[in-house]
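The next block is work-v1.csv, given as CSV, C-alpha atoms and all ligand atoms.
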chain,number,residue,atom,x,y,z
U,1423,MET,CA,136.9,109.7,112.4
U,1424,SER,CA,133.3,110.5,113.4
U,1425,GLU,CA,132.3,111.7,116.9
U,1426,LEU,CA,129.5,110.6,119.2
U,1427,ARG,CA,127.9,113.5,121.1
U,1428,LYS,CA,125.3,113.3,123.8
U,1429,ASP,CA,122.4,115.6,123.9
U,1430,LEU,CA,122.4,116.9,127.5
U,1431,VAL,CA,118.6,117.3,127.8
U,1432,SER,CA,117.3,114.1,126.1
U,1433,GLY,CA,120.3,111.8,126.7
U,1434,ARG,CA,120.3,111.0,123.0
U,1435,TRP,CA,123.6,110.3,121.3
U,1436,VAL,CA,124.2,111.7,117.8
U,1437,ILE,CA,126.9,110.6,115.3
U,1438,ILE,CA,128.6,113.6,113.8
U,1439,ALA,CA,130.0,111.9,110.7
U,1440,THR,CA,132.9,114.1,109.7
U,1441,GLU,CA,134.1,111.4,107.1
U,1442,ARG,CA,131.0,112.3,105.2
U,1443,SER,CA,131.5,116.0,105.6
U,1444,LYS,CA,129.5,117.9,103.1
U,1445,ARG,CA,129.1,121.5,101.9
U,1446,PRO,CA,125.8,123.4,102.0
U,1447,ASP,CA,125.4,123.0,98.2
U,1448,ASP,CA,125.3,119.2,98.6
U,1449,PHE,CA,122.0,119.5,100.4
U,1450,ARG,CA,120.2,121.6,97.7
U,1451,PRO,CA,117.0,119.8,96.5
U,1452,GLN,CA,118.0,117.9,93.4
U,1453,GLY,CA,114.7,117.6,91.5
U,1454,PRO,CA,113.4,114.3,90.3
U,1455,VAL,CA,116.0,111.5,90.5
U,1456,THR,CA,116.7,109.8,87.3
U,1457,PRO,CA,117.7,106.2,87.7
U,1458,ALA,CA,121.3,105.3,86.9
U,1459,PRO,CA,121.6,104.4,83.2
U,1460,HIS,CA,121.5,100.7,82.5
U,1461,GLY,CA,125.0,99.4,82.7
U,1462,GLY,CA,126.0,102.3,85.0
U,1463,PHE,CA,128.8,101.5,87.4
U,1464,CYS,CA,127.9,99.7,90.6
U,1465,PRO,CA,130.6,98.7,93.2
U,1466,PHE,CA,128.3,96.0,94.6
U,1467,CYS,CA,127.8,94.1,91.3
U,1468,GLU,CA,129.6,90.9,90.6
U,1469,GLY,CA,132.9,91.6,88.9
U,1470,ASN,CA,133.5,94.9,90.7
U,1471,GLU,CA,134.7,93.3,94.0
U,1472,ALA,CA,138.0,95.4,93.8
U,1473,LYS,CA,135.9,98.6,94.1
U,1474,THR,CA,134.8,97.8,97.7
U,1475,PRO,CA,137.0,97.5,100.8
U,1476,PRO,CA,138.2,93.9,101.2
U,1477,GLU,CA,135.4,91.6,102.2
U,1478,ALA,CA,134.8,90.7,105.9
U,1479,TYR,CA,132.8,87.6,105.1
U,1480,ALA,CA,131.2,85.9,102.1
U,1481,LEU,CA,129.2,82.9,101.1
U,1482,ARG,CA,131.0,81.8,98.0
U,1483,ASP,CA,131.5,78.8,95.7
U,1484,THR,CA,134.3,76.5,96.8
U,1485,GLY,CA,137.5,77.3,95.1
U,1486,THR,CA,136.8,81.0,94.6
U,1487,ARG,CA,139.0,83.5,96.2
U,1488,PRO,CA,138.0,86.4,98.5
U,1489,ASP,CA,137.2,89.7,96.6
U,1490,SER,CA,136.6,87.8,93.3
U,1491,PRO,CA,133.3,86.7,91.6
U,1492,GLY,CA,131.6,83.5,92.8
U,1493,TRP,CA,129.8,84.7,95.9
U,1494,SER,CA,126.1,84.7,96.8
U,1495,VAL,CA,126.1,87.0,99.8
U,1496,ARG,CA,129.1,89.3,100.5
U,1497,VAL,CA,129.9,91.5,103.6
U,1498,VAL,CA,132.2,94.4,103.2
U,1499,PRO,CA,133.1,97.3,105.5
U,1500,ASN,CA,131.3,100.5,104.5
U,1501,LYS,CA,133.5,102.7,102.4
U,1502,PHE,CA,132.1,105.8,104.2
U,1503,PRO,CA,131.6,104.4,107.7
U,1504,ALA,CA,129.5,106.2,110.3
U,1505,LEU,CA,131.7,104.5,113.0
U,1506,THR,CA,135.1,102.9,112.7
U,1507,PRO,CA,136.7,100.0,114.6
U,1508,GLY,CA,139.3,100.7,117.3
U,1509,PRO,CA,140.0,100.6,121.0
U,1510,PRO,CA,137.3,101.6,123.4
U,1511,PRO,CA,136.7,105.3,123.4
U,1512,PRO,CA,137.2,107.3,126.6
U,1513,ARG,CA,134.4,109.8,127.2
U,1514,ALA,CA,135.6,113.4,126.7
U,1515,THR,CA,134.0,116.5,128.1
U,1516,GLU,CA,133.7,119.9,126.6
U,1517,GLY,CA,132.2,122.2,129.2
U,1518,VAL,CA,129.0,120.6,130.3
U,1519,TYR,CA,128.9,118.3,127.2
U,1520,GLN,CA,130.0,114.7,126.7
U,1521,SER,CA,131.4,113.1,123.6
U,1522,MET,CA,133.5,110.2,122.5
U,1523,GLU,CA,135.3,109.0,119.4
U,1524,GLY,CA,133.0,107.4,116.8
U,1525,ARG,CA,134.2,103.8,117.5
U,1526,GLY,CA,132.1,100.9,116.1
U,1527,VAL,CA,131.5,98.7,113.1
U,1528,HIS,CA,129.8,99.6,109.9
U,1529,GLU,CA,129.3,96.9,107.3
U,1530,VAL,CA,127.3,96.4,104.2
U,1531,VAL,CA,125.7,93.1,103.4
U,1532,ILE,CA,125.4,92.8,99.7
U,1533,GLU,CA,122.4,90.4,99.5
U,1534,ASN,CA,123.0,89.0,96.0
U,1535,PRO,CA,125.3,89.6,93.0
U,1536,ASP,CA,122.4,90.6,90.7
U,1537,HIS,CA,121.6,94.3,90.8
U,1538,ALA,CA,118.0,93.9,89.7
U,1539,VAL,CA,116.9,91.2,92.2
U,1540,GLU,CA,115.5,92.6,95.5
U,1541,LEU,CA,115.5,90.7,98.8
U,1542,GLY,CA,111.8,89.8,98.5
U,1543,ASP,CA,112.3,88.5,95.0
U,1544,LEU,CA,115.1,86.1,95.9
U,1545,PRO,CA,114.3,82.4,96.3
U,1546,VAL,CA,113.6,81.4,99.9
U,1547,PRO,CA,117.0,79.5,100.4
U,1548,HIS,CA,118.8,82.7,99.3
U,1549,VAL,CA,116.8,84.9,101.7
U,1550,ARG,CA,117.7,82.3,104.4
U,1551,SER,CA,121.4,82.7,103.5
U,1552,VAL,CA,121.1,86.5,104.0
U,1553,LEU,CA,119.5,86.0,107.4
U,1554,ALA,CA,122.2,83.4,108.3
U,1555,VAL,CA,124.9,85.9,107.3
U,1556,PHE,CA,123.2,88.5,109.7
U,1557,GLN,CA,123.5,85.9,112.5
U,1558,GLN,CA,127.1,85.1,111.6
U,1559,ARG,CA,128.2,88.8,111.6
U,1560,ILE,CA,126.3,89.5,114.9
U,1561,ARG,CA,128.0,86.6,116.6
U,1562,THR,CA,131.4,87.7,115.4
U,1563,ILE,CA,131.0,91.4,116.3
U,1564,GLU,CA,129.6,90.5,119.7
U,1565,GLN,CA,132.8,88.8,120.6
U,1566,ASP,CA,134.2,92.3,121.2
U,1567,LEU,CA,132.6,93.6,124.4
U,1568,ASN,CA,133.2,97.2,123.3
U,1569,TYR,CA,130.2,96.8,121.0
U,1570,GLN,CA,127.2,96.9,123.2
U,1571,TYR,CA,124.6,96.7,120.5
U,1572,VAL,CA,124.5,95.4,116.9
U,1573,GLN,CA,121.9,97.0,114.7
U,1574,VAL,CA,121.0,95.3,111.5
U,1575,PHE,CA,118.9,97.3,109.1
U,1576,LYS,CA,117.9,97.7,105.5
U,1577,ASN,CA,117.1,100.9,103.6
U,1578,LYS,CA,115.3,100.2,100.3
U,1579,GLY,CA,114.9,103.1,97.9
U,1580,LYS,CA,116.3,106.6,98.0
U,1581,GLU,CA,113.5,107.9,100.1
U,1582,ALA,CA,114.3,105.3,102.7
U,1583,GLY,CA,118.0,106.4,102.8
U,1584,ALA,CA,119.6,104.0,100.3
U,1585,SER,CA,122.5,105.7,98.4
U,1586,LEU,CA,123.0,102.7,96.1
U,1587,SER,CA,120.2,100.8,94.5
U,1588,HIS,CA,121.9,97.4,94.5
U,1589,PRO,CA,120.0,95.3,97.1
U,1590,HIS,CA,121.9,95.5,100.4
U,1591,SER,CA,121.5,95.7,104.2
U,1592,GLN,CA,123.8,97.3,106.7
U,1593,ILE,CA,125.1,96.4,110.2
U,1594,VAL,CA,126.2,99.1,112.6
U,1595,ALA,CA,127.6,98.1,116.0
U,1596,THR,CA,127.7,100.9,118.6
U,1597,PRO,CA,129.8,101.4,121.8
U,1598,ILE,CA,126.6,102.3,123.7
U,1599,ILE,CA,123.0,100.9,123.8
U,1600,PRO,CA,121.0,103.2,121.6
U,1601,ARG,CA,118.1,105.1,123.1
U,1602,ARG,CA,115.4,103.4,120.9
U,1603,VAL,CA,116.6,100.0,122.1
U,1604,LYS,CA,116.7,101.2,125.7
U,1605,GLU,CA,113.1,102.3,125.3
U,1606,GLU,CA,112.1,98.8,124.3
U,1607,ILE,CA,114.1,97.3,127.2
U,1608,TYR,CA,112.4,99.6,129.7
U,1609,GLY,CA,109.0,98.9,128.1
U,1610,GLY,CA,109.7,95.1,128.2
U,1611,ASP,CA,110.6,95.4,131.9
U,1612,ARG,CA,107.4,97.3,132.7
U,1613,LEU,CA,105.2,94.9,130.7
U,1614,PHE,CA,106.9,91.9,132.4
U,1615,ARG,CA,105.9,93.3,135.8
U,1616,THR,CA,102.4,94.0,134.6
U,1617,PHE,CA,101.7,90.7,132.8
U,1618,LYS,CA,104.1,88.4,134.8
U,1619,GLU,CA,105.4,87.2,131.5
U,1620,CYS,CA,107.2,88.6,128.4
U,1621,GLY,CA,105.1,91.5,127.1
U,1622,PHE,CA,105.9,90.7,123.5
U,1623,CYS,CA,104.7,87.1,123.9
U,1624,ARG,CA,101.5,88.5,125.4
U,1625,ILE,CA,101.1,90.9,122.5
U,1626,LEU,CA,101.6,88.0,120.1
U,1627,ARG,CA,98.9,86.0,121.8
U,1628,GLU,CA,96.6,89.0,121.7
U,1629,GLU,CA,97.2,89.5,117.9
U,1630,GLU,CA,96.8,85.8,117.1
U,1631,ALA,CA,93.5,85.7,119.0
U,1632,ALA,CA,92.1,89.0,117.5
U,1633,GLY,CA,93.3,88.2,113.9
U,1634,THR,CA,92.3,91.6,112.6
U,1635,ARG,CA,95.8,92.8,112.3
U,1636,LEU,CA,97.5,89.6,111.2
U,1637,VAL,CA,99.2,89.7,107.8
U,1638,ALA,CA,100.7,86.2,107.6
U,1639,ARG,CA,102.1,83.4,109.8
U,1640,ASN,CA,103.6,80.0,109.8
U,1641,THR,CA,104.5,77.4,112.4
U,1642,HIS,CA,107.3,79.5,113.9
U,1643,PHE,CA,106.8,83.2,113.0
U,1644,THR,CA,103.9,85.7,112.9
U,1645,ALA,CA,103.7,89.0,110.9
U,1646,PHE,CA,101.2,91.6,111.9
U,1647,ALA,CA,100.4,95.3,111.8
U,1648,PRO,CA,101.1,96.7,115.3
U,1649,TYR,CA,98.0,97.9,117.2
U,1650,ALA,CA,99.5,101.5,117.4
U,1651,SER,CA,101.2,101.4,114.0
U,1652,ARG,CA,103.0,104.7,113.3
U,1653,PHE,CA,103.0,104.3,109.6
U,1654,PRO,CA,100.7,103.0,106.8
U,1655,PHE,CA,101.3,99.3,106.2
U,1656,GLU,CA,103.8,99.1,109.0
U,1657,MET,CA,104.5,95.4,110.0
U,1658,ALA,CA,106.3,93.5,112.7
U,1659,ILE,CA,107.5,89.9,112.5
U,1660,TYR,CA,107.8,88.1,115.9
U,1661,PRO,CA,109.2,84.6,116.6
U,1662,ARG,CA,106.3,82.7,118.1
U,1663,ARG,CA,108.6,81.0,120.6
U,1664,HIS,CA,110.1,83.4,123.1
U,1665,SER,CA,113.6,84.5,122.4
U,1666,ALA,CA,115.6,87.6,123.2
U,1667,PHE,CA,118.4,87.1,120.6
U,1668,PHE,CA,118.1,86.8,116.9
U,1669,THR,CA,121.3,84.6,117.0
U,1670,GLU,CA,119.2,82.0,118.8
U,1671,VAL,CA,117.1,81.2,115.8
U,1672,ARG,CA,118.0,77.6,115.0
U,1673,ASP,CA,119.3,76.6,111.6
U,1674,GLU,CA,116.1,74.6,110.9
U,1675,ASP,CA,113.8,77.5,111.8
U,1676,LEU,CA,115.6,80.1,109.7
U,1677,THR,CA,113.9,78.7,106.6
U,1678,HIS,CA,110.5,79.5,108.1
U,1679,LEU,CA,111.6,83.1,108.8
U,1680,ALA,CA,113.0,83.5,105.3
U,1681,ASP,CA,109.7,82.1,103.9
U,1682,LEU,CA,107.6,84.6,106.0
U,1683,LEU,CA,109.9,87.6,105.2
U,1684,LYS,CA,109.7,86.9,101.5
U,1685,ASP,CA,105.9,86.5,101.8
U,1686,VAL,CA,105.4,89.9,103.6
U,1687,LEU,CA,107.8,91.8,101.3
U,1688,THR,CA,105.9,90.3,98.3
U,1689,ARG,CA,102.6,91.3,99.8
U,1690,LEU,CA,103.9,94.9,100.4
U,1691,LYS,CA,105.2,95.1,96.9
U,1692,GLU,CA,101.9,93.8,95.4
U,1693,THR,CA,99.6,95.9,97.6
U,1694,VAL,CA,101.4,99.2,97.7
U,1695,GLY,CA,103.5,99.0,94.5
U,1696,ASP,CA,107.1,98.5,95.6
U,1697,PRO,CA,107.4,101.3,98.1
U,1698,PRO,CA,110.7,102.4,99.7
U,1699,PHE,CA,110.9,100.9,103.1
U,1700,ASN,CA,113.2,100.5,106.1
U,1701,MET,CA,113.6,97.2,107.9
U,1702,VAL,CA,115.1,97.0,111.4
U,1703,LEU,CA,116.1,94.1,113.6
U,1704,HIS,CA,115.5,94.7,117.3
U,1705,GLN,CA,117.0,92.3,119.9
U,1706,ALA,CA,118.6,92.4,123.3
U,1707,PRO,CA,122.1,94.0,123.6
U,1708,ASN,CA,125.3,92.0,123.3
U,1709,PRO,CA,124.7,88.9,125.6
U,1710,ALA,CA,128.4,88.8,126.5
U,1711,LEU,CA,128.1,92.1,128.4
U,1712,PRO,CA,127.6,92.2,132.1
U,1713,LEU,CA,124.3,94.0,131.9
U,1714,LYS,CA,124.1,95.5,135.3
U,1715,GLY,CA,120.5,96.3,136.3
U,1716,TRP,CA,119.1,94.0,133.6
U,1717,PRO,CA,119.7,90.5,134.9
U,1718,ASP,CA,116.5,89.1,133.4
U,1719,ILE,CA,116.8,90.8,130.0
U,1720,HIS,CA,116.6,87.4,128.2
U,1721,LEU,CA,113.1,86.9,129.7
U,1722,LYS,CA,111.9,90.4,129.0
U,1723,SER,CA,113.2,91.2,125.5
U,1724,HIS,CA,111.8,89.5,122.4
U,1725,TRP,CA,113.7,89.9,119.2
U,1726,HIS,CA,111.6,91.1,116.2
U,1727,LEU,CA,111.8,92.7,112.7
U,1728,GLU,CA,110.0,96.0,112.0
U,1729,ILE,CA,109.2,96.8,108.4
U,1730,ILE,CA,108.4,100.5,107.8
U,1731,PRO,CA,107.2,101.5,104.4
U,1732,ILE,CA,108.0,105.2,103.5
U,1733,LEU,CA,104.7,106.5,102.4
U,1734,THR,CA,104.2,109.6,104.6
U,1735,LYS,CA,106.6,112.3,105.7
U,1736,VAL,CA,107.6,112.8,109.3
U,1737,ALA,CA,106.7,116.5,109.8
U,1738,GLY,CA,106.4,119.3,112.3
U,1739,PHE,CA,103.8,117.8,114.6
U,1740,GLU,CA,105.8,114.5,114.8
U,1741,TRP,CA,109.1,116.4,115.5
U,1742,GLY,CA,107.4,118.6,118.0
U,1743,THR,CA,105.5,116.0,120.0
U,1744,GLY,CA,106.7,112.5,119.1
U,1745,PHE,CA,103.2,111.7,118.0
U,1746,TYR,CA,102.7,110.1,114.6
U,1747,ILE,CA,99.7,110.6,112.4
U,1748,ASN,CA,98.9,107.4,110.5
U,1749,PRO,CA,96.2,107.8,107.8
U,1750,VAL,CA,95.7,104.0,107.4
U,1751,PRO,CA,94.3,102.1,110.3
U,1752,PRO,CA,96.4,99.0,110.9
U,1753,GLU,CA,93.3,96.8,110.6
U,1754,THR,CA,92.7,98.2,107.1
U,1755,GLY,CA,96.4,97.9,106.2
U,1756,ALA,CA,96.5,94.3,107.3
U,1757,ARG,CA,93.3,93.5,105.4
U,1758,PHE,CA,94.9,94.9,102.2
U,1759,LEU,CA,98.1,93.0,102.8
U,1760,ARG,CA,96.2,89.8,103.4
U,1761,GLY,CA,94.7,90.4,99.9
U,1762,GLU,CA,91.1,90.6,101.2
U,1763,ALA,CA,90.2,94.1,100.4
U,1801,ZN,ZN,124.9,96.5,91.4
U,1802,ZN,ZN,108.6,86.8,124.5
U,1803,ZN,ZN,111.3,97.2,118.0
What do you get writing this file as structure tokens?
Amino acid sequence: MSELRKDLVSGRWVIIATERSKRPDDFRPQGPVTPAPHGGFCPFCEGNEAKTPPEAYALRDTGTRPDSPGWSVRVVPNKFPALTPGPPPPRATEGVYQSMEGRGVHEVVIENPDHAVELGDLPVPHVRSVLAVFQQRIRTIEQDLNYQYVQVFKNKGKEAGASLSHPHSQIVATPIIPRRVKEEIYGGDRLFRTFKECGFCRILREEEAAGTRLVARNTHFTAFAPYASRFPFEMAIYPRRHSAFFTEVRDEDLTHLADLLKDVLTRLKETVGDPPFNMVLHQAPNPALPLKGWPDIHLKSHWHLEIIPILTKVAGFEWGTGFYINPVPPETGARFLRGEA
């Protein structure tokens, strides 16, 4: 089992993943990566269901059995989980330090049975199914109050952290509210006091009025390059109607989100040439928790997707200061992504 350790100075929790324990040799630079030979073994491909842990959930054809072919989206526990399910961990101390057992959920969402078809290349109804599965898993996981935050994310490409090339996303539920999420909660709280309304709603109005950083939008969702984008071609997708929880997106609106997500992923692929990217879903913590001190969190948090292409390296200055140096102004990035440049 892994261990969560808290950094005394910053308050940041780190997962020490002993399950994945490696030797120094495993970290030697490997040289250029050669793609797996065609027909190489992939545990996520249809027909190889027995090679993953038993599925937690799947959208499958009627009459097909779990862990057999016939699925369109399949959720399985991660074979090498960063966190493992179990009873709530007591906090331990070691001198001045705090730690706890690495309790949590770590699942893989296999987005489609076809190894070669990426999320952005799937038809809109299938993208919608993937999003609906995210909602379904979040709802199920949040029934357990030990899980304070459910993080949905996607690593596409080796440079983005993907260890398998078969299109997939991941879900990690943590027994604490992660620091990055807390930063957005505190930021939302500060902006609410400044603007007397949700700061994210205000940002959205600002972006829609300015237009220079807009990438695409439809009746329900807007994609734009954030004003202070950290990375070239970084994008955010906000719901146009205020909502703190991704699980609140109604069935009839999910198609609009799938449509816009497919649109921006296609734009990214066509503009930048299929770069590796990370996609993260940010939302308010588990709504079932008694969130002491944050009674109005549903008014001040605004769920969103962040899409971060991996085109630059985070280096010394960034590590030292927390500053990012972005060589592409977001207005320029957005213009390219709109296809105007
Ligand atoms: Zn595959
Ligand atoms: Zn809002
Ligand atoms: Zn965010």
### Query
Within 8 Å of region 1638-1647 of chain U, counting all atoms listed in the file, which residues qualify if same-chain residues fewer than 5 places away don't, as number ranges by chain?
U: 1626, 1629, 1655-1663, 1675, 1678-1679, 1682, 1685-1686, 1752-1753, 1755-1756, 1760
### Task
Around ligand ZN 1802 (chain U), at most 10 Å away and counting only C-alpha atoms and all ligand atoms, which residues are there? Put them as number ranges by chain, please.
U: 1610, 1614, 1619-1626, 1660-1666, 1720-1726
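Residues surrounding region 1554-1567 of chain U within 7 Å are Thr1669, Asn1708, Ala1710 and Leu1711 of chain U [all atoms listed in the file; sequence separation below 6 positions excluded].
Closest approach to Val1436 (chain U) among U:Pro1600, U:Pro1476, U:Leu1553, U:Asp1543 is made by U:Pro1600 (distances from all atoms listed in the file).
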Which protein, DNA or RNA residues have an atom within 12 Å of ligand ZN 1801 (chain U), counting only C-alpha atoms and all ligand atoms, as a CSV table (one decimal) with C-alpha atoms, in the coordinates of the input?
chain,number,residue,atom,x,y,z
U,1458,ALA,CA,121.3,105.3,86.9
U,1459,PRO,CA,121.6,104.4,83.2
U,1460,HIS,CA,121.5,100.7,82.5
U,1461,GLY,CA,125.0,99.4,82.7
U,1462,GLY,CA,126.0,102.3,85.0
U,1463,PHE,CA,128.8,101.5,87.4
U,1464,CYS,CA,127.9,99.7,90.6
U,1465,PRO,CA,130.6,98.7,93.2
U,1466,PHE,CA,128.3,96.0,94.6
U,1467,CYS,CA,127.8,94.1,91.3
U,1468,GLU,CA,129.6,90.9,90.6
U,1469,GLY,CA,132.9,91.6,88.9
U,1470,ASN,CA,133.5,94.9,90.7
U,1471,GLU,CA,134.7,93.3,94.0
U,1473,LYS,CA,135.9,98.6,94.1
U,1474,THR,CA,134.8,97.8,97.7
U,1532,ILE,CA,125.4,92.8,99.7
U,1533,GLU,CA,122.4,90.4,99.5
U,1534,ASN,CA,123.0,89.0,96.0
U,1535,PRO,CA,125.3,89.6,93.0
U,1536,ASP,CA,122.4,90.6,90.7
U,1537,HIS,CA,121.6,94.3,90.8
U,1538,ALA,CA,118.0,93.9,89.7
U,1539,VAL,CA,116.9,91.2,92.2
U,1540,GLU,CA,115.5,92.6,95.5
U,1585,SER,CA,122.5,105.7,98.4
U,1586,LEU,CA,123.0,102.7,96.1
U,1587,SER,CA,120.2,100.8,94.5
U,1588,HIS,CA,121.9,97.4,94.5
U,1589,PRO,CA,120.0,95.3,97.1
U,1590,HIS,CA,121.9,95.5,100.4
Would you mind putting back N, CA, C and O atoms on region 1745-1758 of chain U, then writing it out as a compact mmCIF listing (two decimals), in the frame of the given file?
# COMPACT_ATOMS: atom_id res chain seq x y z
N PHE U 1745 104.37 112.36 118.51
CA PHE U 1745 103.20 111.70 118.00
C PHE U 1745 103.40 111.37 116.50
O PHE U 1745 104.07 112.13 115.80
N TYR U 1746 102.79 110.30 116.03
CA TYR U 1746 102.70 110.10 114.60
C TYR U 1746 101.30 110.12 114.17
O TYR U 1746 100.41 109.74 114.93
N ILE U 1747 101.05 110.62 112.96
CA ILE U 1747 99.70 110.60 112.40
C ILE U 1747 99.67 109.57 111.31
O ILE U 1747 100.37 109.73 110.31
N ASN U 1748 98.90 108.50 111.50
CA ASN U 1748 98.90 107.40 110.50
C ASN U 1748 97.52 107.42 109.82
O ASN U 1748 96.49 107.14 110.44
N PRO U 1749 97.49 107.72 108.53
CA PRO U 1749 96.20 107.80 107.80
C PRO U 1749 95.60 106.46 107.44
O PRO U 1749 94.48 106.44 106.91
N VAL U 1750 96.29 105.35 107.69
CA VAL U 1750 95.70 104.00 107.40
C VAL U 1750 95.62 103.21 108.65
O VAL U 1750 96.64 102.83 109.24
N PRO U 1751 94.37 102.91 109.13
CA PRO U 1751 94.30 102.10 110.30
C PRO U 1751 94.98 100.74 110.09
O PRO U 1751 94.87 100.18 108.99
N PRO U 1752 95.71 100.23 111.09
CA PRO U 1752 96.40 99.00 110.90
C PRO U 1752 95.54 97.82 110.49
O PRO U 1752 95.95 96.92 109.75
N GLU U 1753 94.27 97.83 110.96
CA GLU U 1753 93.30 96.80 110.60
C GLU U 1753 93.07 96.80 109.09
O GLU U 1753 92.97 95.77 108.42
N THR U 1754 92.94 98.03 108.56
CA THR U 1754 92.70 98.20 107.10
C THR U 1754 93.95 97.78 106.34
O THR U 1754 93.88 97.06 105.34
N GLY U 1755 95.12 98.25 106.82
CA GLY U 1755 96.40 97.90 106.20
C GLY U 1755 96.56 96.40 106.11
O GLY U 1755 96.91 95.83 105.06
N ALA U 1756 96.30 95.73 107.24
CA ALA U 1756 96.50 94.30 107.30
C ALA U 1756 95.52 93.58 106.36
O ALA U 1756 95.89 92.59 105.72
N ARG U 1757 94.28 94.09 106.26
CA ARG U 1757 93.30 93.50 105.40
C ARG U 1757 93.78 93.54 103.92
O ARG U 1757 93.72 92.56 103.16
N PHE U 1758 94.30 94.71 103.52
CA PHE U 1758 94.90 94.90 102.20
C PHE U 1758 96.02 93.90 101.97
O PHE U 1758 96.13 93.24 100.94
